[in-house]
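Please read the structure below before turning to the comments.
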Amino acid sequence: MNNLVNLTIDGKSIQAESGKNLVDVAKAHGVYIPTLCYFRNLNPLGTCRICTVKVNGKDTTGCTVKVAQGMDIEINTPELLDNRKAIIEMLYAEGNHFCPSCEKSGNCDMQNLGYDMGITVTRYTPSVTYTHLRA
């Protein structure tokens, strides 16, 4: 027998099975929580922080949350959206990602998030410069 709980996601009341993963529950109710390190059949670690949400007013990684009765979850606040964008910008600024020469270009979750967030430049100074690529 299913143990249903009531919770809200961005002000929308929903019912879900107690103990289910928040990312999966949100997706089942048409709410997208971006992730890079979450894989459905593996124990979530929350290392990338892209899925950060507010649960009852406190920041936490959405992929590590199991839903429970009465949770008030915020996913798409301006602050959370800006934090996600900053994380993606930092990943690009670290210098390990050069999309034009990557074999996964066009089929990359991080690249897709960058496009979705409208990132064309980063607010951070890259740790590596690609002067050797310029003619």
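Chain labels run A, B, ... following the order of the structure tokens; each chain numbers its residues from 1, and ligands are numbered from 1 in the order shown.
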
Write out as an MDAnalysis selection string which residues come within 12 Å of Gly70 in chain A when counting only C-alpha atoms, dropping same-chain ones fewer than 5 positions away.
chainID A and resid 4:9 13:16 18 55:56

Output file for the residues above (N, CA, C and O atoms, as a compact mmCIF listing (two decimals), in the first residue's frame):
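Now in result_12.txt:
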```
# COMPACT_ATOMS: atom_id res chain seq x y z
N LEU A 4 0.94 7.93 0.89
CA LEU A 4 0.97 9.23 0.24
C LEU A 4 1.11 10.36 1.25
O LEU A 4 0.53 10.32 2.33
N VAL A 5 1.93 11.35 0.86
CA VAL A 5 2.12 12.54 1.67
C VAL A 5 1.76 13.76 0.83
O VAL A 5 1.79 13.72 -0.39
N ASN A 6 1.41 14.84 1.51
CA ASN A 6 1.09 16.11 0.85
C ASN A 6 2.27 17.05 1.03
O ASN A 6 2.82 17.17 2.13
N LEU A 7 2.65 17.72 -0.06
CA LEU A 7 3.74 18.70 -0.02
C LEU A 7 3.48 19.75 -1.07
O LEU A 7 2.56 19.60 -1.89
N THR A 8 4.25 20.81 -1.03
CA THR A 8 4.13 21.84 -2.06
C THR A 8 5.47 22.02 -2.74
O THR A 8 6.52 21.95 -2.11
N ILE A 9 5.40 22.22 -4.05
CA ILE A 9 6.58 22.54 -4.86
C ILE A 9 6.27 23.83 -5.58
O ILE A 9 5.34 23.91 -6.38
N SER A 13 0.39 22.37 -4.73
CA SER A 13 0.16 21.23 -3.84
C SER A 13 0.19 19.94 -4.64
O SER A 13 -0.45 19.83 -5.68
N ILE A 14 0.93 18.97 -4.13
CA ILE A 14 0.99 17.68 -4.78
C ILE A 14 0.97 16.57 -3.74
O ILE A 14 1.20 16.81 -2.55
N GLN A 15 0.68 15.38 -4.21
CA GLN A 15 0.77 14.17 -3.38
C GLN A 15 1.81 13.27 -4.01
O GLN A 15 1.92 13.17 -5.23
N ALA A 16 2.58 12.63 -3.14
CA ALA A 16 3.60 11.70 -3.61
C ALA A 16 3.80 10.61 -2.58
O ALA A 16 3.40 10.77 -1.42
N SER A 18 5.62 8.71 0.14
CA SER A 18 6.61 9.06 1.15
C SER A 18 7.93 8.34 0.88
O SER A 18 7.95 7.16 0.53
N VAL A 55 14.10 23.58 1.13
CA VAL A 55 13.10 22.72 1.77
C VAL A 55 12.81 23.34 3.13
O VAL A 55 13.71 23.45 3.97
N ASN A 56 11.56 23.78 3.29
CA ASN A 56 11.15 24.47 4.52
C ASN A 56 12.10 25.62 4.86
O ASN A 56 12.47 25.82 6.01
```

DSSP on the backbone: which residues in range 20-134 of chain A end up as helix (DSSP H, G or I)? Give the answer as a ChimeraX atom specification.
/A:22-28,62-64,78-93,99-101,109-116,131-133

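Ranking A:Lys85, A:Ala68, A:Gly30, A:Tyr92 by their shortest atom-to-atom distance to Cys51 in chain A, with only C-alpha atoms included, puts A:Lys85 first.
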
Tell me, which residues of chain A carry DSSP strand (DSSP E or B), written as a VMD selection string?
chain A and resid 4 to 9 12 to 17 21 52 to 55 58 to 61 66 72 to 74

Export C-alpha atoms of the chosen residues as a PDB file, in the first residue's frame?
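Written out: again.pdb:
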```
ATOM      1  CA  LEU A   4       0.967   9.232   0.242  1.00  0.00           C
ATOM      2  CA  VAL A   5       2.121  12.544   1.674  1.00  0.00           C
ATOM      3  CA  ASN A   6       1.092  16.106   0.851  1.00  0.00           C
ATOM      4  CA  LEU A   7       3.735  18.695  -0.017  1.00  0.00           C
ATOM      5  CA  THR A   8       4.129  21.839  -2.057  1.00  0.00           C
ATOM      6  CA  ILE A   9       6.579  22.542  -4.857  1.00  0.00           C
ATOM      7  CA  LYS A  12       1.749  23.857  -6.125  1.00  0.00           C
ATOM      8  CA  SER A  13       0.157  21.228  -3.841  1.00  0.00           C
ATOM      9  CA  ILE A  14       0.991  17.678  -4.783  1.00  0.00           C
ATOM     10  CA  GLN A  15       0.767  14.170  -3.383  1.00  0.00           C
ATOM     11  CA  ALA A  16       3.603  11.700  -3.611  1.00  0.00           C
ATOM     12  CA  GLU A  17       4.723   8.454  -2.089  1.00  0.00           C
ATOM     13  CA  ASN A  21      13.418  11.039  -4.275  1.00  0.00           C
ATOM     14  CA  THR A  52      19.992  22.964  -4.838  1.00  0.00           C
ATOM     15  CA  VAL A  53      16.470  23.712  -3.589  1.00  0.00           C
ATOM     16  CA  LYS A  54      14.929  25.179  -0.461  1.00  0.00           C
ATOM     17  CA  VAL A  55      13.099  22.724   1.771  1.00  0.00           C
ATOM     18  CA  LYS A  58      16.723  25.784   4.121  1.00  0.00           C
ATOM     19  CA  ASP A  59      19.045  25.179   1.173  1.00  0.00           C
ATOM     20  CA  THR A  60      19.786  21.532   0.396  1.00  0.00           C
ATOM     21  CA  THR A  61      20.531  19.353  -2.596  1.00  0.00           C
ATOM     22  CA  LYS A  66      13.296  12.063   0.280  1.00  0.00           C
ATOM     23  CA  ASP A  72       7.405  23.241   1.420  1.00  0.00           C
ATOM     24  CA  ILE A  73       9.855  23.080  -1.471  1.00  0.00           C
ATOM     25  CA  GLU A  74      11.095  25.991  -3.561  1.00  0.00           C
TER      26      GLU A  74
END
```

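Shortest separation to Thr120 in chain A among A:Thr47, A:Gly11, A:Lys27, A:Ala93 occurs at residue A:Ala93, atoms counted being only C-alpha atoms.
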
Counting only C-alpha atoms, which residue out of A:Thr35, A:Asn107, A:Val67, A:Ser101 sits closest to Ile88 in chain A?
A:Thr35

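For the atom pair formed by CA of Val31 in chain A and CA of Leu45 in chain A, the distance is 20.9 Å, given to one decimal.
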
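The closest residue to Leu22 in chain A, picked from A:Pro78, A:Val121, A:Arg40, A:Gly106 and counting only C-alpha atoms, is A:Arg40.
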
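Here CA of Met90 in chain A is placed at a distance of 7.5 Å from CA of Thr122 in chain A.
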
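Taking CA of Thr64 in chain A and CA of Pro44 in chain A as the two end points, the separation is 5.7 Å.
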